[in-house]
Amino acid sequence: MQSIVIEGGKRLSGEVKISGAKNSALPILCASLLAPGEHVISNVPALQDVITMGRLLENLGAKVQPSDGIFHVNTENLTKDEAPYELVKTMRASVLVLGPLVARRGSARVSLPGGCAIGARPINLHLAGLRDMGAEVEIEHGYVVARARRLKGARIYFDTPTVTGTENLMMAATLADGRTVLENAACEPEVTDLAACLTSMGAKINGAGTDTIRIEGVSELKPMKYSVMPDRIETGTYLAAGAITGGEVRISGCEPAHLAAVLTKLRECGFEIEKGPGWITLRGCDRPRAVDIKTLPYPGFPTDMQAQFMALMCVADGLSVITETVFENRFMHIAELKRMGADIKVQGNAAVVQGVKNLLGAPVMATDLRASASLVIAALAAKGSSEISRVYHLDRGYEKMEEKLQGIGARIKRAG
Ligand code: EPU
């Protein structure tokens, strides 16, 4: 199994170019199921999750041709309605085919994803919303089986804002009969990007990016030509990498407006941040000040940046309290960070991090995508060498991570 070896202690400096957003590309690929024809999707990151989504679409009968970040997806002839367990278990975002399949084909059979390393992650709100729209939804042999002749517009209230739940139901509602209102909807930029993509296909959507989204159903959509927005979590990850080494990095091809919470916290730590259209620069300080963070739905501090920020707080001056409110079990990186010398205590859904002067390189194991990124960040600052195993987690969500880090001076290589 492959691992990543990092020789820590090198100040990073230079420019990193950001890729298309994973969590935007995945729903946009699914949106292609809504309209028959040839879709052209650009700025698609080369990631394992994107490959998995391509396989899932092919399994449904679509023809998928990726070439240098541009995906041609032909959905003229869909032959199946099923997302099998083998694919869903490797990528929960597979559940995003549910809404589009029911809307276009009147039926879907999608494996229930089950729990994962960051929490139970139920999809009850996706299913309740489809039922509100008139679909019959059953659980049979571990699969969600949903049927509807034509979905009907409905008023749907989410008990808790859910990103993929909002996306699934927004896609379903585009072809429903009448008006759908999604209340307490997720406001994440990925939802807004998907709404823009659907609008380009002829959908009638208002309010994406706020907690109330109104969708007026149309009888058909046309194929898209759409470019995926930049990845805000990748952006934040490279900022944290530059920060922990006291370096000076410029992030290009990004959308600074999507990172307000992260940039505010980095400034509070003492880093100098400048930004302009499509770029952010960070200038390091000797040692960051410890600051508290609490993860929240957008525009709050993203749960997908919690682990990376915790790595930074491990070497901060003082005590930091990191509270995770989105997922109940997203602290798997702590045990590994402690193996590198971090001083962290968990109290319920909060991690109390007492900064230490230095982390020490160690063999560590990645448990999920963002946990892996936090170990890479910690290893970049640690004294000596670290070997991070189970690199496949990183390959799910970071395009060319070693290359990008090498480009700003990191001593990082893949082994095995
Ligand atoms: N929830 C429910 N019922 C539901 C759906 C969600 O109780 O039916 C709860 C979840 O258990 C969680 C909260 O609602 O406590 C929010 O979860 P959400 O549904 O928003 O998460 P998601 O849509 O499954 C997406 C991203 C995640 C990211 C979260 C939160 C994609 C493909 N995934 O997941 O990304 O952490 O939103 O922002 O968009 C990652 O990229 O590493 C990643 C895990």
# chains A, B, ... in the order shown; residues from 1 in each chain; ligands from 1
$ residues_near_ligand --ligand "ligand 1" --cutoff "9 Å" --atoms "only C-alpha atoms and all ligand atoms" --output "mmCIF file with N, CA, C and O atoms, in the first residue's frame"
data_model
loop_
_atom_site.group_PDB
_atom_site.id
_atom_site.type_symbol
_atom_site.label_atom_id
_atom_site.label_comp_id
_atom_site.auth_asym_id
_atom_site.auth_seq_id
_atom_site.Cartn_x
_atom_site.Cartn_y
_atom_site.Cartn_z
ATOM 1 N N LYS A 22 -14.018 19.411 -5.545
ATOM 2 C CA LYS A 22 -14.560 18.041 -5.504
ATOM 3 C C LYS A 22 -16.058 18.052 -5.208
ATOM 4 O O LYS A 22 -16.841 17.417 -5.910
ATOM 5 N N ASN A 23 -16.439 18.773 -4.156
ATOM 6 C CA ASN A 23 -17.829 18.690 -3.702
ATOM 7 C C ASN A 23 -18.804 19.489 -4.564
ATOM 8 O O ASN A 23 -20.000 19.527 -4.298
ATOM 9 N N SER A 24 -18.271 20.144 -5.584
ATOM 10 C CA SER A 24 -19.101 20.787 -6.583
ATOM 11 C C SER A 24 -19.144 19.890 -7.825
ATOM 12 O O SER A 24 -20.204 19.691 -8.425
ATOM 13 N N ALA A 25 -17.977 19.346 -8.182
ATOM 14 C CA ALA A 25 -17.908 18.489 -9.376
ATOM 15 C C ALA A 25 -18.824 17.272 -9.232
ATOM 16 O O ALA A 25 -19.497 16.882 -10.202
ATOM 17 N N LEU A 26 -18.882 16.688 -8.039
ATOM 18 C CA LEU A 26 -19.658 15.447 -7.875
ATOM 19 C C LEU A 26 -21.161 15.673 -8.120
ATOM 20 O O LEU A 26 -21.760 14.974 -8.938
ATOM 21 N N PRO A 27 -21.799 16.669 -7.456
ATOM 22 C CA PRO A 27 -23.219 16.890 -7.785
ATOM 23 C C PRO A 27 -23.433 17.352 -9.223
ATOM 24 O O PRO A 27 -24.445 16.991 -9.849
ATOM 25 N N MET A 91 -17.889 5.703 -1.769
ATOM 26 C CA MET A 91 -18.113 7.145 -1.895
ATOM 27 C C MET A 91 -19.570 7.480 -1.601
ATOM 28 O O MET A 91 -20.464 7.191 -2.393
ATOM 29 N N ARG A 92 -19.785 8.140 -0.459
ATOM 30 C CA ARG A 92 -21.152 8.455 -0.031
ATOM 31 C C ARG A 92 -21.859 9.400 -0.998
ATOM 32 O O ARG A 92 -23.082 9.372 -1.105
ATOM 33 N N ALA A 93 -21.083 10.239 -1.697
ATOM 34 C CA ALA A 93 -21.694 11.206 -2.610
ATOM 35 C C ALA A 93 -22.470 10.514 -3.733
ATOM 36 O O ALA A 93 -23.242 11.153 -4.451
ATOM 37 N N SER A 94 -22.313 9.186 -3.864
ATOM 38 C CA SER A 94 -23.088 8.425 -4.857
ATOM 39 C C SER A 94 -24.582 8.616 -4.652
ATOM 40 O O SER A 94 -25.382 8.484 -5.592
ATOM 41 N N LEU A 96 -26.119 11.121 -4.495
ATOM 42 C CA LEU A 96 -26.584 12.270 -5.292
ATOM 43 C C LEU A 96 -27.239 11.873 -6.616
ATOM 44 O O LEU A 96 -27.791 12.720 -7.304
ATOM 45 N N ILE A 118 -16.351 9.567 9.883
ATOM 46 C CA ILE A 118 -16.591 10.840 10.567
ATOM 47 C C ILE A 118 -17.957 10.909 11.254
ATOM 48 O O ILE A 118 -18.287 11.901 11.870
ATOM 49 N N GLY A 119 -18.751 9.844 11.160
ATOM 50 C CA GLY A 119 -20.029 9.865 11.868
ATOM 51 C C GLY A 119 -21.052 8.945 11.227
ATOM 52 O O GLY A 119 -20.757 8.251 10.252
ATOM 53 N N ALA A 120 -22.271 8.973 11.769
ATOM 54 C CA ALA A 120 -23.324 8.073 11.280
ATOM 55 C C ALA A 120 -23.801 8.511 9.889
ATOM 56 O O ALA A 120 -24.084 7.701 9.030
ATOM 57 N N ARG A 121 -23.892 9.800 9.677
ATOM 58 C CA ARG A 121 -24.264 10.386 8.394
ATOM 59 C C ARG A 121 -25.513 9.762 7.756
ATOM 60 O O ARG A 121 -25.438 9.178 6.667
ATOM 61 N N PRO A 122 -26.654 9.904 8.408
ATOM 62 C CA PRO A 122 -27.885 9.368 7.830
ATOM 63 C C PRO A 122 -28.311 10.157 6.590
ATOM 64 O O PRO A 122 -27.821 11.260 6.347
ATOM 65 N N ILE A 123 -29.247 9.588 5.808
ATOM 66 C CA ILE A 123 -29.795 10.330 4.654
ATOM 67 C C ILE A 123 -31.312 10.476 4.801
ATOM 68 O O ILE A 123 -32.029 10.636 3.819
ATOM 69 N N ASN A 124 -31.783 10.421 6.068
ATOM 70 C CA ASN A 124 -33.232 10.491 6.311
ATOM 71 C C ASN A 124 -33.862 11.751 5.726
ATOM 72 O O ASN A 124 -34.995 11.722 5.248
ATOM 73 N N LEU A 125 -33.130 12.871 5.718
ATOM 74 C CA LEU A 125 -33.724 14.121 5.229
ATOM 75 C C LEU A 125 -33.865 14.116 3.706
ATOM 76 O O LEU A 125 -34.802 14.696 3.157
ATOM 77 N N HIS A 126 -32.930 13.428 3.016
ATOM 78 C CA HIS A 126 -33.062 13.273 1.548
ATOM 79 C C HIS A 126 -34.368 12.501 1.275
ATOM 80 O O HIS A 126 -35.148 12.846 0.386
ATOM 81 N N LEU A 127 -34.566 11.422 2.055
ATOM 82 C CA LEU A 127 -35.711 10.538 1.794
ATOM 83 C C LEU A 127 -37.030 11.216 2.165
ATOM 84 O O LEU A 127 -38.012 11.131 1.426
ATOM 85 N N ALA A 128 -37.031 11.915 3.307
ATOM 86 C CA ALA A 128 -38.259 12.603 3.732
ATOM 87 C C ALA A 128 -38.662 13.637 2.674
ATOM 88 O O ALA A 128 -39.846 13.773 2.346
ATOM 89 N N PHE A 158 -35.828 21.333 6.254
ATOM 90 C CA PHE A 158 -34.752 20.461 6.744
ATOM 91 C C PHE A 158 -34.565 20.697 8.246
ATOM 92 O O PHE A 158 -34.336 21.832 8.671
ATOM 93 N N ASP A 159 -34.623 19.622 9.049
ATOM 94 C CA ASP A 159 -34.373 19.758 10.498
ATOM 95 C C ASP A 159 -32.997 20.341 10.755
ATOM 96 O O ASP A 159 -32.778 21.064 11.717
ATOM 97 N N THR A 160 -32.052 19.928 9.913
ATOM 98 C CA THR A 160 -30.693 20.445 10.007
ATOM 99 C C THR A 160 -30.230 20.702 8.578
ATOM 100 O O THR A 160 -30.631 19.963 7.675
ATOM 101 N N PRO A 161 -29.462 21.770 8.358
ATOM 102 C CA PRO A 161 -29.067 22.012 6.958
ATOM 103 C C PRO A 161 -28.154 20.876 6.472
ATOM 104 O O PRO A 161 -27.196 20.528 7.160
ATOM 105 N N THR A 162 -28.491 20.302 5.351
ATOM 106 C CA THR A 162 -27.667 19.225 4.790
ATOM 107 C C THR A 162 -27.253 19.594 3.367
ATOM 108 O O THR A 162 -28.114 19.962 2.546
ATOM 109 N N VAL A 163 -25.960 19.490 3.098
ATOM 110 C CA VAL A 163 -25.424 19.929 1.799
ATOM 111 C C VAL A 163 -25.920 19.010 0.692
ATOM 112 O O VAL A 163 -26.620 19.453 -0.232
ATOM 113 N N THR A 164 -25.606 17.712 0.782
ATOM 114 C CA THR A 164 -26.022 16.826 -0.314
ATOM 115 C C THR A 164 -27.545 16.629 -0.311
ATOM 116 O O THR A 164 -28.142 16.411 -1.369
ATOM 117 N N GLY A 165 -28.179 16.752 0.859
ATOM 118 C CA GLY A 165 -29.643 16.665 0.913
ATOM 119 C C GLY A 165 -30.267 17.811 0.127
ATOM 120 O O GLY A 165 -31.181 17.611 -0.690
ATOM 121 N N THR A 166 -29.772 19.027 0.353
ATOM 122 C CA THR A 166 -30.269 20.194 -0.386
ATOM 123 C C THR A 166 -30.034 19.996 -1.885
ATOM 124 O O THR A 166 -30.911 20.262 -2.712
ATOM 125 N N GLU A 167 -28.830 19.484 -2.228
ATOM 126 C CA GLU A 167 -28.491 19.304 -3.651
ATOM 127 C C GLU A 167 -29.387 18.259 -4.313
ATOM 128 O O GLU A 167 -29.903 18.455 -5.416
ATOM 129 N N ALA A 186 -29.074 24.211 2.966
ATOM 130 C CA ALA A 186 -27.643 24.499 3.113
ATOM 131 C C ALA A 186 -27.277 25.694 2.229
ATOM 132 O O ALA A 186 -27.806 25.836 1.123
ATOM 133 N N GLU A 188 -24.008 26.441 1.443
ATOM 134 C CA GLU A 188 -22.624 26.257 0.998
ATOM 135 C C GLU A 188 -22.442 26.701 -0.460
ATOM 136 O O GLU A 188 -23.358 26.531 -1.291
ATOM 137 N N GLU A 190 -21.011 25.288 -2.767
ATOM 138 C CA GLU A 190 -21.187 24.166 -3.701
ATOM 139 C C GLU A 190 -22.656 24.055 -4.122
ATOM 140 O O GLU A 190 -22.963 23.651 -5.240
ATOM 141 N N VAL A 191 -23.570 24.410 -3.197
ATOM 142 C CA VAL A 191 -25.004 24.406 -3.524
ATOM 143 C C VAL A 191 -25.278 25.504 -4.552
ATOM 144 O O VAL A 191 -26.009 25.303 -5.530
ATOM 145 N N ILE A 233 -11.839 24.169 0.076
ATOM 146 C CA ILE A 233 -11.177 23.400 1.138
ATOM 147 C C ILE A 233 -9.724 23.121 0.748
ATOM 148 O O ILE A 233 -8.826 23.172 1.579
ATOM 149 N N LEU A 296 -19.295 25.057 11.840
ATOM 150 C CA LEU A 296 -20.713 25.373 11.630
ATOM 151 C C LEU A 296 -21.018 25.252 10.141
ATOM 152 O O LEU A 296 -20.094 25.323 9.313
ATOM 153 N N PRO A 297 -22.291 25.125 9.803
ATOM 154 C CA PRO A 297 -22.626 25.203 8.374
ATOM 155 C C PRO A 297 -22.179 26.558 7.813
ATOM 156 O O PRO A 297 -22.032 27.527 8.572
ATOM 157 N N TYR A 298 -21.968 26.625 6.504
ATOM 158 C CA TYR A 298 -21.549 27.859 5.835
ATOM 159 C C TYR A 298 -22.537 28.988 6.145
ATOM 160 O O TYR A 298 -23.742 28.745 6.161
ATOM 161 N N PRO A 302 -15.716 25.882 8.267
ATOM 162 C CA PRO A 302 -16.093 24.578 7.684
ATOM 163 C C PRO A 302 -15.543 23.385 8.463
ATOM 164 O O PRO A 302 -14.360 23.369 8.819
ATOM 165 N N THR A 303 -16.412 22.409 8.678
ATOM 166 C CA THR A 303 -15.947 21.159 9.307
ATOM 167 C C THR A 303 -14.826 20.520 8.470
ATOM 168 O O THR A 303 -13.940 19.867 9.014
ATOM 169 N N ASP A 304 -14.853 20.743 7.147
ATOM 170 C CA ASP A 304 -13.824 20.148 6.283
ATOM 171 C C ASP A 304 -12.456 20.805 6.454
ATOM 172 O O ASP A 304 -11.473 20.374 5.830
ATOM 173 N N MET A 305 -12.371 21.870 7.268
ATOM 174 C CA MET A 305 -11.071 22.507 7.571
ATOM 175 C C MET A 305 -10.673 22.302 9.043
ATOM 176 O O MET A 305 -9.632 22.781 9.476
ATOM 177 N N THR A 325 -19.284 20.802 15.604
ATOM 178 C CA THR A 325 -20.738 20.705 15.803
ATOM 179 C C THR A 325 -21.452 20.042 14.617
ATOM 180 O O THR A 325 -22.650 19.805 14.684
ATOM 181 N N VAL A 326 -20.732 19.774 13.528
ATOM 182 C CA VAL A 326 -21.412 19.233 12.339
ATOM 183 C C VAL A 326 -21.435 17.693 12.343
ATOM 184 O O VAL A 326 -22.470 17.079 12.113
ATOM 185 N N PHE A 327 -20.286 17.080 12.599
ATOM 186 C CA PHE A 327 -20.218 15.606 12.636
ATOM 187 C C PHE A 327 -19.766 15.151 14.011
ATOM 188 O O PHE A 327 -18.841 15.723 14.589
ATOM 189 N N GLU A 328 -20.392 14.078 14.518
ATOM 190 C CA GLU A 328 -20.158 13.685 15.909
ATOM 191 C C GLU A 328 -18.833 12.968 16.132
ATOM 192 O O GLU A 328 -18.366 12.844 17.241
ATOM 193 N N ASP A 368 -9.368 9.376 7.256
ATOM 194 C CA ASP A 368 -10.311 9.886 6.256
ATOM 195 C C ASP A 368 -9.620 11.029 5.532
ATOM 196 O O ASP A 368 -8.491 11.394 5.868
ATOM 197 N N LEU A 369 -10.341 11.578 4.548
ATOM 198 C CA LEU A 369 -9.711 12.563 3.665
ATOM 199 C C LEU A 369 -9.097 13.763 4.409
ATOM 200 O O LEU A 369 -7.915 14.063 4.262
ATOM 201 N N ARG A 370 -9.889 14.459 5.200
ATOM 202 C CA ARG A 370 -9.378 15.693 5.826
ATOM 203 C C ARG A 370 -8.423 15.370 6.966
ATOM 204 O O ARG A 370 -7.503 16.143 7.256
ATOM 205 N N ALA A 371 -8.634 14.217 7.640
ATOM 206 C CA ALA A 371 -7.690 13.788 8.670
ATOM 207 C C ALA A 371 -6.313 13.579 8.033
ATOM 208 O O ALA A 371 -5.281 13.966 8.597
ATOM 209 N N ARG A 396 -8.525 10.688 -2.849
ATOM 210 C CA ARG A 396 -9.958 10.895 -3.084
ATOM 211 C C ARG A 396 -10.279 12.375 -3.263
ATOM 212 O O ARG A 396 -11.260 12.714 -3.925
ATOM 213 N N GLY A 397 -9.482 13.250 -2.620
ATOM 214 C CA GLY A 397 -9.911 14.650 -2.583
ATOM 215 C C GLY A 397 -8.875 15.713 -2.884
ATOM 216 O O GLY A 397 -9.229 16.892 -2.929
#
$ residues_around --residues "Met171 (chain A)" --least-positions-apart "4" --cutoff "12 Å" --atoms "only C-alpha atoms" --output "number ranges by chain"
A: 27-35, 96-104, 126, 129-130, 151, 153, 164-167, 175-176, 180, 182, 191, 194-199, 201-205, 213-218, 221
$ write_last_selection --atoms "N, CA and C atoms" --output "CSV table (one decimal), in the first residue's frame"
chain,number,residue,atom,x,y,z
A,27,PRO,N,-21.8,16.7,-7.5
A,27,PRO,CA,-23.2,16.9,-7.8
A,27,PRO,C,-23.4,17.4,-9.2
A,28,ILE,N,-22.5,18.1,-9.8
A,28,ILE,CA,-22.7,18.6,-11.2
A,28,ILE,C,-22.6,17.4,-12.1
A,29,LEU,N,-21.7,16.5,-11.9
A,29,LEU,CA,-21.7,15.3,-12.7
A,29,LEU,C,-23.1,14.6,-12.6
A,30,CYS,N,-23.7,14.5,-11.4
A,30,CYS,CA,-25.0,13.9,-11.3
A,30,CYS,C,-26.1,14.6,-12.0
A,31,ALA,N,-25.9,16.0,-12.0
A,31,ALA,CA,-27.0,16.8,-12.7
A,31,ALA,C,-27.1,16.5,-14.1
A,32,SER,N,-26.0,15.9,-14.7
A,32,SER,CA,-26.1,15.5,-16.1
A,32,SER,C,-27.2,14.4,-16.4
A,33,LEU,N,-27.5,13.7,-15.3
A,33,LEU,CA,-28.6,12.7,-15.5
A,33,LEU,C,-29.9,13.3,-15.8
A,34,LEU,N,-30.1,14.6,-15.4
A,34,LEU,CA,-31.4,15.2,-15.6
A,34,LEU,C,-31.8,15.5,-17.0
A,35,ALA,N,-30.9,15.7,-17.9
A,35,ALA,CA,-31.2,16.0,-19.3
A,35,ALA,C,-30.5,15.1,-20.3
A,96,LEU,N,-26.1,11.1,-4.5
A,96,LEU,CA,-26.6,12.3,-5.3
A,96,LEU,C,-27.2,11.9,-6.6
A,97,VAL,N,-27.2,10.6,-7.0
A,97,VAL,CA,-27.9,10.2,-8.2
A,97,VAL,C,-29.4,10.0,-7.9
A,98,LEU,N,-29.7,9.9,-6.6
A,98,LEU,CA,-31.1,9.5,-6.3
A,98,LEU,C,-32.1,10.5,-6.8
A,99,GLY,N,-31.9,11.8,-6.5
A,99,GLY,CA,-32.9,12.8,-6.9
A,99,GLY,C,-33.0,12.9,-8.4
A,100,PRO,N,-31.9,13.0,-9.1
A,100,PRO,CA,-32.0,13.1,-10.6
A,100,PRO,C,-32.6,11.9,-11.2
A,101,LEU,N,-32.3,10.7,-10.7
A,101,LEU,CA,-32.9,9.5,-11.3
A,101,LEU,C,-34.4,9.4,-11.2
A,102,VAL,N,-34.9,9.7,-9.9
A,102,VAL,CA,-36.3,9.7,-9.7
A,102,VAL,C,-37.0,10.8,-10.6
A,103,ALA,N,-36.3,11.9,-10.7
A,103,ALA,CA,-37.0,13.0,-11.5
A,103,ALA,C,-37.0,12.7,-12.9
A,104,ARG,N,-36.0,12.1,-13.5
A,104,ARG,CA,-36.0,11.8,-14.9
A,104,ARG,C,-36.6,10.5,-15.3
A,126,HIS,N,-32.9,13.4,3.0
A,126,HIS,CA,-33.1,13.3,1.5
A,126,HIS,C,-34.4,12.5,1.3
A,129,GLY,N,-37.7,14.3,2.1
A,129,GLY,CA,-38.0,15.4,1.1
A,129,GLY,C,-38.6,14.7,-0.1
A,130,LEU,N,-38.0,13.6,-0.6
A,130,LEU,CA,-38.6,12.9,-1.8
A,130,LEU,C,-40.0,12.5,-1.5
A,151,LEU,N,-42.6,13.8,-9.9
A,151,LEU,CA,-42.6,14.4,-8.6
A,151,LEU,C,-43.4,15.6,-8.6
A,153,GLY,N,-44.1,19.5,-6.8
A,153,GLY,CA,-43.5,20.5,-6.0
A,153,GLY,C,-44.0,20.4,-4.5
A,164,THR,N,-25.6,17.7,0.8
A,164,THR,CA,-26.0,16.8,-0.3
A,164,THR,C,-27.5,16.6,-0.3
A,165,GLY,N,-28.2,16.8,0.9
A,165,GLY,CA,-29.6,16.7,0.9
A,165,GLY,C,-30.3,17.8,0.1
A,166,THR,N,-29.8,19.0,0.4
A,166,THR,CA,-30.3,20.2,-0.4
A,166,THR,C,-30.0,20.0,-1.9
A,167,GLU,N,-28.8,19.5,-2.2
A,167,GLU,CA,-28.5,19.3,-3.7
A,167,GLU,C,-29.4,18.3,-4.3
A,175,LEU,N,-37.4,19.2,-12.2
A,175,LEU,CA,-38.3,18.6,-13.1
A,175,LEU,C,-39.6,18.2,-12.5
A,176,ALA,N,-39.9,18.7,-11.3
A,176,ALA,CA,-41.2,18.4,-10.6
A,176,ALA,C,-42.3,19.2,-11.2
A,180,THR,N,-41.3,24.1,-5.7
A,180,THR,CA,-40.8,23.5,-4.4
A,180,THR,C,-40.1,24.6,-3.7
A,182,LEU,N,-37.4,24.9,-0.5
A,182,LEU,CA,-36.5,24.2,0.5
A,182,LEU,C,-36.2,25.2,1.6
A,191,VAL,N,-23.6,24.4,-3.2
A,191,VAL,CA,-25.0,24.4,-3.5
A,191,VAL,C,-25.3,25.5,-4.6
A,194,LEU,N,-24.0,24.5,-8.0
A,194,LEU,CA,-24.9,23.5,-8.6
A,194,LEU,C,-26.1,24.2,-9.1
A,195,ALA,N,-26.7,25.2,-8.3
A,195,ALA,CA,-27.8,25.9,-8.8
A,195,ALA,C,-27.5,26.7,-10.1
A,196,ALA,N,-26.3,27.3,-10.1
A,196,ALA,CA,-25.9,28.0,-11.4
A,196,ALA,C,-25.9,27.1,-12.5
A,197,CYS,N,-25.3,25.9,-12.3
A,197,CYS,CA,-25.2,24.9,-13.4
A,197,CYS,C,-26.6,24.5,-13.8
A,198,LEU,N,-27.5,24.2,-12.9
A,198,LEU,CA,-28.9,23.8,-13.2
A,198,LEU,C,-29.6,24.9,-14.0
A,199,THR,N,-29.4,26.2,-13.5
A,199,THR,CA,-30.0,27.3,-14.2
A,199,THR,C,-29.5,27.4,-15.7
A,201,MET,N,-28.9,25.0,-17.4
A,201,MET,CA,-29.6,23.9,-18.2
A,201,MET,C,-31.1,24.2,-18.4
A,202,GLY,N,-31.5,25.4,-17.9
A,202,GLY,CA,-32.9,25.8,-18.1
A,202,GLY,C,-33.8,25.7,-16.8
A,203,ALA,N,-33.2,25.3,-15.7
A,203,ALA,CA,-34.0,25.2,-14.4
A,203,ALA,C,-34.3,26.6,-13.9
A,204,LYS,N,-35.4,26.7,-13.1
A,204,LYS,CA,-35.8,28.0,-12.6
A,204,LYS,C,-35.6,27.9,-11.1
A,205,ILE,N,-34.5,28.5,-10.6
A,205,ILE,CA,-34.1,28.4,-9.2
A,205,ILE,C,-33.8,29.8,-8.7
A,213,ILE,N,-34.7,28.2,-0.7
A,213,ILE,CA,-34.5,28.1,-2.1
A,213,ILE,C,-35.8,27.7,-2.8
A,214,ARG,N,-36.1,28.5,-3.8
A,214,ARG,CA,-37.4,28.2,-4.5
A,214,ARG,C,-37.1,27.7,-5.9
A,215,ILE,N,-37.8,26.6,-6.2
A,215,ILE,CA,-37.6,26.0,-7.5
A,215,ILE,C,-38.9,25.8,-8.2
A,216,GLU,N,-39.0,26.4,-9.4
A,216,GLU,CA,-40.2,26.2,-10.2
A,216,GLU,C,-39.9,25.1,-11.2
A,217,GLY,N,-40.7,24.0,-11.1
A,217,GLY,CA,-40.4,22.8,-12.0
A,217,GLY,C,-40.6,23.1,-13.4
A,218,VAL,N,-39.8,22.5,-14.3
A,218,VAL,CA,-40.0,22.7,-15.8
A,218,VAL,C,-40.1,21.3,-16.4
A,221,LEU,N,-35.0,19.7,-19.3
A,221,LEU,CA,-33.8,20.6,-19.2
A,221,LEU,C,-32.9,20.2,-20.4
$ atom_distance --atom1 "CA of Val145 (chain A)" --atom2 "CA of Ser111 (chain A)"
8.6 Å
$ select_by_dssp --residues "region 200-354 of chain A" --states "helix (DSSP H, G or I)" --output "PyMOL selection string"
chain A and resi 200+232-244+256-269+303-313+333-339
$ closest_atom_pairs --of "region 167-263 of chain A" --to "region 273-286 of chain A" --cutoff "7 Å" --atoms "only C-alpha atoms" --output "tab-separated table"
residue	atom	partner	partner_atom	distance
A:Leu239	CA	A:Leu282	CA	6.8
A:Ala243	CA	A:Gly284	CA	5.4
A:Gly246	CA	A:Gly284	CA	4.1
A:Gly247	CA	A:Gly284	CA	5.0
A:Glu248	CA	A:Arg283	CA	4.5
A:Val249	CA	A:Leu282	CA	5.4
A:Arg250	CA	A:Thr281	CA	4.3
A:Ile251	CA	A:Ile280	CA	5.2
A:Ser252	CA	A:Trp279	CA	4.5
A:Gly253	CA	A:Gly278	CA	5.0
A:Cys254	CA	A:Gly278	CA	4.8
A:Glu255	CA	A:Gly278	CA	5.3
A:Pro256	CA	A:Ile280	CA	6.6
$ atom_distance --atom1 "CA of Arg232 (chain A)" --atom2 "CA of Tyr398 (chain A)"
11.6 Å
$ residues_around --residues "His39 (chain A)" --least-positions-apart "6" --cutoff "10 Å" --atoms "only C-alpha atoms" --output "PyMOL selection string"
chain A and resi 29+31-33+64+71-76+201+222-226
$ atom_distance --atom1 "CA of Val262 (chain A)" --atom2 "CA of Gly409 (chain A)"
23.5 Å
$ residues_around --residues "Ser227 (chain A)" --least-positions-apart "5" --cutoff "8 Å" --atoms "only C-alpha atoms" --output "list in words"
Ile41, Ser42, Asn43 and Val44 of chain A
$ write_last_selection --atoms "N, CA and C atoms" --output "compact mmCIF listing (two decimals), in the first residue's frame"
# COMPACT_ATOMS: atom_id res chain seq x y z
N ILE A 41 -18.40 19.31 -19.07
CA ILE A 41 -18.13 19.86 -17.74
C ILE A 41 -16.62 20.07 -17.64
N SER A 42 -16.21 21.32 -17.39
CA SER A 42 -14.76 21.57 -17.32
C SER A 42 -14.33 21.93 -15.91
N ASN A 43 -13.01 22.04 -15.74
CA ASN A 43 -12.37 22.26 -14.42
C ASN A 43 -12.75 21.15 -13.43
N VAL A 44 -12.82 19.94 -13.94
CA VAL A 44 -13.12 18.78 -13.08
C VAL A 44 -11.79 18.26 -12.54
$ closest_residue --among "A:Gln354, A:Thr90, A:Gln2, A:Ser372" --to "Gly318 (chain A)" --atoms "only C-alpha atoms"
A:Gln354
$ residues_around --residues "Ala362 (chain A)" --least-positions-apart "6" --cutoff "12 Å" --atoms "only C-alpha atoms" --output "ChimeraX atom specification"
/A:4-8,336-342,375-376,378-389
$ residues_around --residues "Gly209 (chain A)" --least-positions-apart "2" --cutoff "7 Å" --atoms "only C-alpha atoms" --output "NGL selection string"
:A and (187-189 or 191-192 or 207 or 211)
$ closest_residue --among "A:Gln406, A:Thr323, A:Asn358, A:Ser219" --to "Val16 (chain A)" --atoms "only C-alpha atoms"
A:Gln406
$ residues_around --residues "Leu405 (chain A)" --least-positions-apart "5" --cutoff "9 Å" --atoms "only C-alpha atoms" --output "ChimeraX atom specification"
/A:12,16,238,241,400,410-412
$ select_by_dssp --residues "region 349-396 of chain A" --states "strand (DSSP E)" --output "number ranges by chain"
A: 350-354, 363-365, 385-389
$ decode --residues "region 392-397 of chain A" --atoms "N, CA and C atoms" --output "mmCIF file, in the first residue's frame"
data_model
loop_
_atom_site.group_PDB
_atom_site.id
_atom_site.type_symbol
_atom_site.label_atom_id
_atom_site.label_comp_id
_atom_site.auth_asym_id
_atom_site.auth_seq_id
_atom_site.Cartn_x
_atom_site.Cartn_y
_atom_site.Cartn_z
ATOM 1 N N TYR A 392 -4.603 6.509 0.025
ATOM 2 C CA TYR A 392 -5.758 6.545 -0.887
ATOM 3 C C TYR A 392 -6.814 7.541 -0.414
ATOM 4 N N HIS A 393 -6.848 7.808 0.884
ATOM 5 C CA HIS A 393 -7.797 8.819 1.372
ATOM 6 C C HIS A 393 -7.494 10.181 0.741
ATOM 7 N N LEU A 394 -6.204 10.530 0.678
ATOM 8 C CA LEU A 394 -5.808 11.828 0.097
ATOM 9 C C LEU A 394 -6.154 11.884 -1.383
ATOM 10 N N ASP A 395 -5.937 10.775 -2.064
ATOM 11 C CA ASP A 395 -6.182 10.739 -3.514
ATOM 12 C C ASP A 395 -7.658 10.911 -3.846
ATOM 13 N N ARG A 396 -8.525 10.688 -2.849
ATOM 14 C CA ARG A 396 -9.958 10.895 -3.084
ATOM 15 C C ARG A 396 -10.279 12.375 -3.263
ATOM 16 N N GLY A 397 -9.482 13.250 -2.620
ATOM 17 C CA GLY A 397 -9.911 14.650 -2.583
ATOM 18 C C GLY A 397 -8.875 15.713 -2.884
#
